[in-house]
Amino acid sequence: MAVHRLEAALAAFEDPAAKARSLMPLHRAWANTEIIPAPVRPVVARSWQRQSLKNPAIRPLGTEDIVDRRERAAVLSGLVPLLEDRLLQLAADAGNELVISDDEGYVLWVAGPSPIRRRSEDIGFVAGARWRETDVGTNGLGAAMAERTALQIFGPEHAREEQHTWVCTSAPIIEERTGQVLGAITLSGSYRTAHPHTLALVSATAREAAGLLSARHDRELHLLAASVPSPAGRHVLVDAQGWVAHSTGFGVGTRLRLPGTLSPGGAWLPELGAVVAEEVPGGWLLHGGNRESDARLELALAPVPVAVVVQDGQRTEIRLSERHGQILALLVANPAGLDAHGLMEQLPGITTTVTVRAELSRLRARLGGLIESRPYRLGLPATFRP
């Protein structure tokens with residue numbers, strides 16, 4: 001994961017009013033020419049490049065839709081007490097409001113002093129409004145979600161002139177397991193309240209929230225492992241999303257890709273091959289199966305290459321690149337196998353066996369070890385599918 005250096009919008013003793021005056025000509029030049037002047041901070045320049053100078057009117061959701069979104073964002077909702085405990089008092093003391101938005105940029109919770117909340121209503125920064133860059137131009141919330149890091153947007157760095165008297169300090173909450181942005185937290189208020197310490201605090205709070213989710217998930221996996229008796233033989237225990245709680249006899253990572261069609265009985269998974277899936281409370285117990293039972297592979301080359309593994313009546317589709325489709329087609333057509341040189345001679349655009357072996361390594365990772373070596377060949381019956 002990339003590490004971003006936190007960059008406050010202005011230094012601790014810099015005069016906010018003077019800073020705003022220095023930024024106005026830069027914003028005006030960009031607004032008139034769409035050319036970004038060199039002195040603009042890189043994070044702001046990237047945001048100005050991403051968004052349009054013409055944004056639609058802000059139309060907040062109704063009360064029922066806001067409630068629905070809060071229920072949809074159950075994981076984020078569970079973090080609200082922590083976020084309020086860490087940030088709300090500071091927001092009030094600094095004349096800021098605390099805003100929490102979901103993964104799509106919809107504002108779902110707003111808290112803080114009444115005067116600042118009334119001011120934010122004037123610019124549409126209210127519960128139910130969506131504040132991505134494509135909705136309202138450059139702003140702290142939208143830029144933090146796009147950049148995936150904590151940042152400050154100060155005064156005339158905002159795209160819209162009605163936001164030029166504001167400073168917004170925002171940070172995305174990123175789930176460590178998946179890398180998914182769950183939402184964002186923002187402290188916003190008059191640009192005269194801007195301070196680099198605010199950026200550090202908001203960033204630390206977002207990281208604490210992400211760490212809390214990670215620790216909670218680890219506990220859930222430990223509870224799952226403790227609640228399911230470990231069977232004899234090779235097996236993997238995963239939760240409903242495929243996160244591994246326990247494994248014996250399989251070399252697996254932290255997560256398996258579970259097909260949406262997974263059901264009890266024989267199945268085929270790219271990382272494991274043939275298994276017998278047993279549903280358990282909270283997840284799946286995957287027993288090592290017999291790869292040579294009744295599994296077979298079907299290859300379709302059009303309209304795009306797709307390998308279909310059929311195991312005990314269940315079908316698992318794996319989309320392939322054009323190159324991997326070409327390699328697999330050669331292996332289907334040559335069941336006795338081909339060495340790297342034989343594959344190279346029949347693959348257009350490939351001139352070295354090193355390239356062949358690299359492509360085979362990537363393809364074998366996609367197909368769960370179905371391709372055997374010396375020579376390269378498929379370890380199960382395979383046919384072309386019309």
# chains A, B, ... in the order shown; residues from 1 in each chain; ligands from 1
$ residues_around --residues "Leu79 in chain A" --least-positions-apart "6" --cutoff "9 Å" --atoms "only C-alpha atoms" --output "list in words"
Ala209, Leu212 and Leu213 of chain A
$ write_last_selection --atoms "N, CA and C atoms" --output "compact mmCIF listing (two decimals), in the first residue's frame"
# COMPACT_ATOMS: atom_id res chain seq x y z
N ALA A 209 -9.83 3.63 13.65
CA ALA A 209 -11.08 2.98 13.26
C ALA A 209 -10.80 1.75 12.40
N LEU A 212 -9.48 -1.01 14.57
CA LEU A 212 -10.55 -1.62 15.36
C LEU A 212 -11.30 -2.66 14.54
N LEU A 213 -11.58 -2.35 13.28
CA LEU A 213 -12.26 -3.31 12.41
C LEU A 213 -11.41 -4.54 12.18
$ closest_residue --among "A:Val75, A:Ala18, A:Arg132, A:Met24" --to "Pro56 in chain A" --atoms "only C-alpha atoms"
A:Arg132
$ residues_around --residues "Leu182 in chain A" --least-positions-apart "4" --cutoff "9 Å" --atoms "only C-alpha atoms" --output "list in words"
Ala73, Val75, Leu76, Ser101, Asp102, Asp103, Glu104, Pro172, Ile173, Ile174 and Glu175 of chain A
$ closest_atom_pairs --of "range 127-185 of chain A" --to "range 105-114 of chain A" --cutoff "12 Å" --atoms "only C-alpha atoms" --output "CSV"
residue,atom,partner,partner_atom,distance
A:Ala127,CA,A:Val107,CA,4.8
A:Gly128,CA,A:Val107,CA,5.3
A:Ala129,CA,A:Tyr106,CA,5.5
A:Arg130,CA,A:Tyr106,CA,4.1
A:Trp131,CA,A:Gly105,CA,5.4
A:Arg132,CA,A:Gly105,CA,5.4
A:Glu133,CA,A:Gly105,CA,9.2
A:Thr134,CA,A:Gly105,CA,10.3
A:Asp135,CA,A:Gly105,CA,9.4
A:Val136,CA,A:Gly105,CA,10.9
A:Asn139,CA,A:Gly105,CA,11.3
A:Gly140,CA,A:Gly105,CA,11.1
A:Leu141,CA,A:Gly105,CA,7.4
A:Gly142,CA,A:Gly105,CA,6.9
A:Ala143,CA,A:Gly105,CA,10.3
A:Ala144,CA,A:Gly105,CA,10.3
A:Met145,CA,A:Gly105,CA,7.9
A:Ala146,CA,A:Gly105,CA,10.2
A:Ser170,CA,A:Gly105,CA,11.9
A:Pro172,CA,A:Gly105,CA,10.2
A:Ile173,CA,A:Gly105,CA,11.9
A:Val181,CA,A:Gly105,CA,10.1
A:Leu182,CA,A:Gly105,CA,9.6
A:Gly183,CA,A:Gly105,CA,6.9
A:Ala184,CA,A:Gly105,CA,7.6
A:Ile185,CA,A:Val107,CA,9.6
$ write_last_selection --atoms "N, CA and C atoms" --output "PDB file, in the first residue's frame"
ATOM      1  N   ALA A 127     -26.739  16.257   5.739  1.00  0.00           N
ATOM      2  CA  ALA A 127     -27.050  14.829   5.672  1.00  0.00           C
ATOM      3  C   ALA A 127     -27.866  14.535   4.415  1.00  0.00           C
ATOM      4  N   GLY A 128     -27.454  13.490   3.716  1.00  0.00           N
ATOM      5  CA  GLY A 128     -28.151  13.090   2.492  1.00  0.00           C
ATOM      6  C   GLY A 128     -27.520  13.604   1.226  1.00  0.00           C
ATOM      7  N   ALA A 129     -26.635  14.608   1.337  1.00  0.00           N
ATOM      8  CA  ALA A 129     -25.974  15.150   0.144  1.00  0.00           C
ATOM      9  C   ALA A 129     -24.762  14.289  -0.214  1.00  0.00           C
ATOM     10  N   ARG A 130     -24.503  14.159  -1.497  1.00  0.00           N
ATOM     11  CA  ARG A 130     -23.335  13.407  -1.945  1.00  0.00           C
ATOM     12  C   ARG A 130     -22.249  14.403  -2.349  1.00  0.00           C
ATOM     13  N   TRP A 131     -21.053  14.235  -1.754  1.00  0.00           N
ATOM     14  CA  TRP A 131     -19.989  15.225  -1.928  1.00  0.00           C
ATOM     15  C   TRP A 131     -18.737  14.638  -2.544  1.00  0.00           C
ATOM     16  N   ARG A 132     -18.904  13.836  -3.570  1.00  0.00           N
ATOM     17  CA  ARG A 132     -17.739  13.409  -4.331  1.00  0.00           C
ATOM     18  C   ARG A 132     -17.271  14.559  -5.228  1.00  0.00           C
ATOM     19  N   GLU A 133     -16.068  14.415  -5.772  1.00  0.00           N
ATOM     20  CA  GLU A 133     -15.550  15.485  -6.630  1.00  0.00           C
ATOM     21  C   GLU A 133     -16.435  15.702  -7.854  1.00  0.00           C
ATOM     22  N   THR A 134     -17.032  14.632  -8.372  1.00  0.00           N
ATOM     23  CA  THR A 134     -17.890  14.772  -9.546  1.00  0.00           C
ATOM     24  C   THR A 134     -19.206  15.466  -9.221  1.00  0.00           C
ATOM     25  N   ASP A 135     -19.526  15.555  -7.919  1.00  0.00           N
ATOM     26  CA  ASP A 135     -20.785  16.183  -7.509  1.00  0.00           C
ATOM     27  C   ASP A 135     -20.617  17.667  -7.207  1.00  0.00           C
ATOM     28  N   VAL A 136     -19.564  18.011  -6.452  1.00  0.00           N
ATOM     29  CA  VAL A 136     -19.407  19.407  -6.013  1.00  0.00           C
ATOM     30  C   VAL A 136     -18.001  19.931  -6.273  1.00  0.00           C
ATOM     31  N   ASN A 139     -13.187  19.197  -2.957  1.00  0.00           N
ATOM     32  CA  ASN A 139     -13.536  19.413  -1.551  1.00  0.00           C
ATOM     33  C   ASN A 139     -12.791  18.363  -0.744  1.00  0.00           C
ATOM     34  N   GLY A 140     -12.709  18.558   0.560  1.00  0.00           N
ATOM     35  CA  GLY A 140     -11.928  17.656   1.398  1.00  0.00           C
ATOM     36  C   GLY A 140     -12.427  16.228   1.362  1.00  0.00           C
ATOM     37  N   LEU A 141     -13.723  16.048   1.535  1.00  0.00           N
ATOM     38  CA  LEU A 141     -14.303  14.709   1.577  1.00  0.00           C
ATOM     39  C   LEU A 141     -14.057  13.962   0.261  1.00  0.00           C
ATOM     40  N   GLY A 142     -14.403  14.593  -0.837  1.00  0.00           N
ATOM     41  CA  GLY A 142     -14.265  13.930  -2.132  1.00  0.00           C
ATOM     42  C   GLY A 142     -12.822  13.660  -2.496  1.00  0.00           C
ATOM     43  N   ALA A 143     -11.930  14.619  -2.222  1.00  0.00           N
ATOM     44  CA  ALA A 143     -10.527  14.432  -2.565  1.00  0.00           C
ATOM     45  C   ALA A 143      -9.886  13.349  -1.708  1.00  0.00           C
ATOM     46  N   ALA A 144     -10.246  13.279  -0.425  1.00  0.00           N
ATOM     47  CA  ALA A 144      -9.686  12.248   0.456  1.00  0.00           C
ATOM     48  C   ALA A 144     -10.080  10.853  -0.016  1.00  0.00           C
ATOM     49  N   MET A 145     -11.316  10.698  -0.487  1.00  0.00           N
ATOM     50  CA  MET A 145     -11.751   9.399  -0.981  1.00  0.00           C
ATOM     51  C   MET A 145     -11.043   9.062  -2.291  1.00  0.00           C
ATOM     52  N   ALA A 146     -10.857  10.051  -3.150  1.00  0.00           N
ATOM     53  CA  ALA A 146     -10.189   9.798  -4.431  1.00  0.00           C
ATOM     54  C   ALA A 146      -8.703   9.502  -4.228  1.00  0.00           C
ATOM     55  N   SER A 170     -10.085  15.958   5.981  1.00  0.00           N
ATOM     56  CA  SER A 170     -10.789  14.687   5.773  1.00  0.00           C
ATOM     57  C   SER A 170      -9.812  13.520   5.719  1.00  0.00           C
ATOM     58  N   PRO A 172     -10.111   9.099   4.674  1.00  0.00           N
ATOM     59  CA  PRO A 172     -10.934   7.919   4.378  1.00  0.00           C
ATOM     60  C   PRO A 172     -10.719   6.852   5.435  1.00  0.00           C
ATOM     61  N   ILE A 173     -11.761   6.074   5.708  1.00  0.00           N
ATOM     62  CA  ILE A 173     -11.627   4.888   6.552  1.00  0.00           C
ATOM     63  C   ILE A 173     -11.504   3.704   5.606  1.00  0.00           C
ATOM     64  N   VAL A 181     -12.643   1.389   0.669  1.00  0.00           N
ATOM     65  CA  VAL A 181     -12.971   2.615   1.395  1.00  0.00           C
ATOM     66  C   VAL A 181     -14.394   2.495   1.922  1.00  0.00           C
ATOM     67  N   LEU A 182     -14.544   2.481   3.259  1.00  0.00           N
ATOM     68  CA  LEU A 182     -15.858   2.340   3.874  1.00  0.00           C
ATOM     69  C   LEU A 182     -16.579   3.674   3.995  1.00  0.00           C
ATOM     70  N   GLY A 183     -15.824   4.756   4.015  1.00  0.00           N
ATOM     71  CA  GLY A 183     -16.411   6.074   4.191  1.00  0.00           C
ATOM     72  C   GLY A 183     -15.315   7.068   4.472  1.00  0.00           C
ATOM     73  N   ALA A 184     -15.711   8.251   4.938  1.00  0.00           N
ATOM     74  CA  ALA A 184     -14.723   9.290   5.245  1.00  0.00           C
ATOM     75  C   ALA A 184     -15.213  10.111   6.428  1.00  0.00           C
ATOM     76  N   ILE A 185     -14.252  10.640   7.184  1.00  0.00           N
ATOM     77  CA  ILE A 185     -14.563  11.559   8.276  1.00  0.00           C
ATOM     78  C   ILE A 185     -13.988  12.923   7.922  1.00  0.00           C
TER      79      ILE A 185
END
$ select_by_dssp --residues "range 111-183 of chain A" --states "helix (DSSP H, G or I)" --output "list of chain:residue names"
A:Ser114, A:Pro115, A:Ile116, A:Arg117, A:Arg118, A:Arg119, A:Ser120, A:Glu121, A:Asp122, A:Glu133, A:Thr134, A:Asp135, A:Val136, A:Gly140, A:Leu141, A:Gly142, A:Ala143, A:Ala144, A:Met145, A:Ala146, A:Glu147, A:Gly155, A:Pro156, A:Glu157, A:Glu161, A:Glu162, A:Gln163
$ atom_distance --atom1 "CA of Asp15 in chain A" --atom2 "CA of Pro156 in chain A"
14.4 Å
$ select_by_dssp --residues "range 166-354 of chain A" --states "strand (DSSP E)" --output "ChimeraX atom specification"
/A:166-174,181-190,235-239,244-248,265-269,273-280,283-288,296-300,306-311,314-319
$ residues_around --residues "range 312-329 of chain A" --least-positions-apart "4" --cutoff "10 Å" --atoms "only C-alpha atoms" --output "NGL selection string"
:A and (258-263 or 265-270 or 274 or 276 or 293-302 or 304-308 or 333-334 or 343-344 or 346-349 or 356 or 359-360 or 362-364 or 366-367 or 371 or 377-378 or 382-384)
$ write_last_selection --atoms "C-alpha atoms" --output "JSON list (two decimals), in the first residue's frame"
[["chain", "number", "residue", "atom", "x", "y", "z"],
["A", 258, "LEU", "CA", -15.47, -18.34, -3.08],
["A", 259, "PRO", "CA", -17.80, -18.69, -6.08],
["A", 260, "GLY", "CA", -21.21, -17.16, -5.58],
["A", 261, "THR", "CA", -22.75, -20.50, -6.52],
["A", 262, "LEU", "CA", -20.93, -22.45, -3.79],
["A", 263, "SER", "CA", -23.20, -25.04, -2.15],
["A", 265, "GLY", "CA", -20.99, -31.02, -1.93],
["A", 266, "GLY", "CA", -18.22, -31.33, -4.50],
["A", 267, "ALA", "CA", -16.78, -28.09, -5.80],
["A", 268, "TRP", "CA", -13.69, -26.73, -7.52],
["A", 269, "LEU", "CA", -11.84, -23.63, -6.30],
["A", 270, "PRO", "CA", -8.94, -22.01, -8.17],
["A", 274, "ALA", "CA", -11.35, -30.18, -6.13],
["A", 276, "VAL", "CA", -15.95, -31.11, -0.76],
["A", 293, "SER", "CA", -13.15, -37.82, -9.51],
["A", 294, "ASP", "CA", -15.46, -36.38, -12.17],
["A", 295, "ALA", "CA", -13.92, -32.96, -12.70],
["A", 296, "ARG", "CA", -13.48, -31.75, -16.26],
["A", 297, "LEU", "CA", -12.51, -28.52, -17.98],
["A", 298, "GLU", "CA", -14.38, -26.81, -20.80],
["A", 299, "LEU", "CA", -12.68, -24.00, -22.74],
["A", 300, "ALA", "CA", -14.58, -21.34, -24.64],
["A", 301, "LEU", "CA", -12.54, -18.91, -26.74],
["A", 302, "ALA", "CA", -15.29, -16.57, -27.93],
["A", 304, "VAL", "CA", -13.71, -13.88, -24.64],
["A", 305, "PRO", "CA", -11.61, -16.78, -23.33],
["A", 306, "VAL", "CA", -13.30, -18.54, -20.40],
["A", 307, "ALA", "CA", -12.26, -21.75, -18.65],
["A", 308, "VAL", "CA", -15.13, -23.63, -16.99],
["A", 333, "ALA", "CA", -5.52, -29.76, -28.19],
["A", 334, "ASN", "CA", -2.40, -31.62, -27.01],
["A", 343, "LEU", "CA", 4.45, -23.88, -26.79],
["A", 344, "MET", "CA", 6.72, -21.02, -27.86],
["A", 346, "GLN", "CA", 2.88, -22.03, -31.62],
["A", 347, "LEU", "CA", 2.29, -18.81, -29.69],
["A", 348, "PRO", "CA", 2.33, -15.67, -31.85],
["A", 349, "GLY", "CA", 4.58, -12.89, -30.61],
["A", 356, "VAL", "CA", 6.42, -18.97, -21.90],
["A", 359, "GLU", "CA", 2.94, -16.91, -18.57],
["A", 360, "LEU", "CA", 2.47, -20.55, -17.49],
["A", 362, "ARG", "CA", 0.59, -16.92, -13.92],
["A", 363, "LEU", "CA", -1.92, -19.23, -15.62],
["A", 364, "ARG", "CA", -1.28, -22.05, -13.13],
["A", 366, "ARG", "CA", -5.36, -18.85, -11.87],
["A", 367, "LEU", "CA", -6.24, -22.53, -12.41],
["A", 371, "ILE", "CA", -1.61, -27.59, -15.26],
["A", 377, "ARG", "CA", -0.28, -30.72, -19.64],
["A", 378, "LEU", "CA", -3.75, -30.62, -18.10],
["A", 382, "ALA", "CA", -10.66, -31.07, -21.19],
["A", 383, "THR", "CA", -12.73, -30.17, -24.23],
["A", 384, "PHE", "CA", -13.52, -27.09, -26.31]]
$ atom_distance --atom1 "CA of Leu26 in chain A" --atom2 "CA of Arg160 in chain A"
13.4 Å
$ atom_distance --atom1 "CA of Ala57 in chain A" --atom2 "CA of Pro16 in chain A"
28.8 Å
$ residues_around --residues "Ile153 in chain A" --least-positions-apart "6" --cutoff "10 Å" --atoms "only C-alpha atoms" --output "ChimeraX atom specification"
/A:8-10,43-44,138-141,143-144,159,164,166-170,188,191,194
$ write_last_selection --atoms "N, CA and C atoms" --output "short mmCIF file (atom, residue, chain, number, x, y, z; two decimals), in the first residue's frame"
data_model
loop_
_atom_site.label_atom_id
_atom_site.label_comp_id
_atom_site.auth_asym_id
_atom_site.auth_seq_id
_atom_site.Cartn_x
_atom_site.Cartn_y
_atom_site.Cartn_z
N ALA A 8 -0.30 19.45 5.45
CA ALA A 8 -1.31 20.41 5.87
C ALA A 8 -1.42 21.53 4.83
N ALA A 9 -2.57 22.18 4.81
CA ALA A 9 -2.80 23.22 3.82
C ALA A 9 -2.01 24.49 4.11
N LEU A 10 -1.71 24.74 5.39
CA LEU A 10 -0.89 25.90 5.74
C LEU A 10 -0.15 25.60 7.04
N VAL A 43 -1.62 17.82 -4.61
CA VAL A 43 -2.84 17.09 -4.29
C VAL A 43 -4.07 17.86 -4.76
N VAL A 44 -3.99 19.20 -4.72
CA VAL A 44 -5.10 20.02 -5.20
C VAL A 44 -5.13 20.02 -6.73
N THR A 138 -13.78 20.05 -6.27
CA THR A 138 -12.75 19.79 -5.27
C THR A 138 -13.23 20.16 -3.88
N ASN A 139 -13.19 19.20 -2.96
CA ASN A 139 -13.54 19.41 -1.55
C ASN A 139 -12.79 18.36 -0.74
N GLY A 140 -12.71 18.56 0.56
CA GLY A 140 -11.93 17.66 1.40
C GLY A 140 -12.43 16.23 1.36
N LEU A 141 -13.72 16.05 1.54
CA LEU A 141 -14.30 14.71 1.58
C LEU A 141 -14.06 13.96 0.26
N ALA A 143 -11.93 14.62 -2.22
CA ALA A 143 -10.53 14.43 -2.57
C ALA A 143 -9.89 13.35 -1.71
N ALA A 144 -10.25 13.28 -0.43
CA ALA A 144 -9.69 12.25 0.46
C ALA A 144 -10.08 10.85 -0.02
N ALA A 159 -13.21 24.00 -5.33
CA ALA A 159 -13.59 24.37 -6.69
C ALA A 159 -14.67 25.44 -6.72
N HIS A 164 -15.12 28.91 -0.48
CA HIS A 164 -13.80 29.51 -0.32
C HIS A 164 -13.52 30.04 1.08
N TRP A 166 -14.07 28.16 3.71
CA TRP A 166 -14.06 26.95 4.52
C TRP A 166 -12.69 26.27 4.47
N VAL A 167 -12.43 25.48 5.48
CA VAL A 167 -11.35 24.51 5.45
C VAL A 167 -11.95 23.16 5.82
N CYS A 168 -11.62 22.13 5.07
CA CYS A 168 -12.12 20.79 5.33
C CYS A 168 -10.93 19.84 5.48
N THR A 169 -10.89 19.16 6.61
CA THR A 169 -9.84 18.18 6.89
C THR A 169 -10.49 16.81 6.91
N SER A 170 -10.08 15.96 5.98
CA SER A 170 -10.79 14.69 5.77
C SER A 170 -9.81 13.52 5.72
N SER A 188 -14.88 20.28 9.43
CA SER A 188 -14.99 21.45 8.54
C SER A 188 -15.43 22.67 9.32
N TYR A 191 -12.15 28.89 7.38
CA TYR A 191 -10.72 28.68 7.06
C TYR A 191 -9.82 29.28 8.13
N ALA A 194 -8.10 26.73 10.44
CA ALA A 194 -7.19 25.73 9.86
C ALA A 194 -5.95 25.56 10.72
#
$ closest_residue --among "A:Val332, A:Ala74, A:Ala45, A:Val354" --to "Arg385 in chain A" --atoms "only C-alpha atoms"
A:Val332
$ residues_around --residues "range 279-281 of chain A" --least-positions-apart "2" --cutoff "8 Å" --atoms "only C-alpha atoms" --output "ChimeraX atom specification"
/A:228,263-264,277,283-285
$ write_last_selection --atoms "C-alpha atoms" --output "PDB file, in the first residue's frame"
ATOM      1  CA  VAL A 228     -15.753 -25.875  14.386  1.00  0.00           C
ATOM      2  CA  SER A 263     -23.199 -25.041  -2.146  1.00  0.00           C
ATOM      3  CA  PRO A 264     -22.638 -28.175  -0.053  1.00  0.00           C
ATOM      4  CA  ALA A 277     -17.716 -28.062   0.668  1.00  0.00           C
ATOM      5  CA  GLY A 283     -18.668 -20.075   6.961  1.00  0.00           C
ATOM      6  CA  TRP A 284     -17.461 -23.140   5.062  1.00  0.00           C
ATOM      7  CA  LEU A 285     -15.313 -26.170   5.824  1.00  0.00           C
TER       8      LEU A 285
END
$ closest_residue --among "A:Thr353, A:Ser203, A:Gln49, A:Thr186" --to "Leu98 in chain A" --atoms "only C-alpha atoms"
A:Thr186
$ closest_residue --among "A:Arg177, A:Gln311, A:Leu221, A:Thr205" --to "Leu88 in chain A" --atoms "only C-alpha atoms"
A:Thr205
$ closest_residue --among "A:Thr165, A:Ala226, A:Ala206, A:Leu330" --to "Glu84 in chain A" --atoms "only C-alpha atoms"
A:Ala206
$ closest_residue --among "A:Arg357, A:Arg72, A:His222, A:Arg5" --to "Gly342 in chain A" --atoms "only C-alpha atoms"
A:Arg357
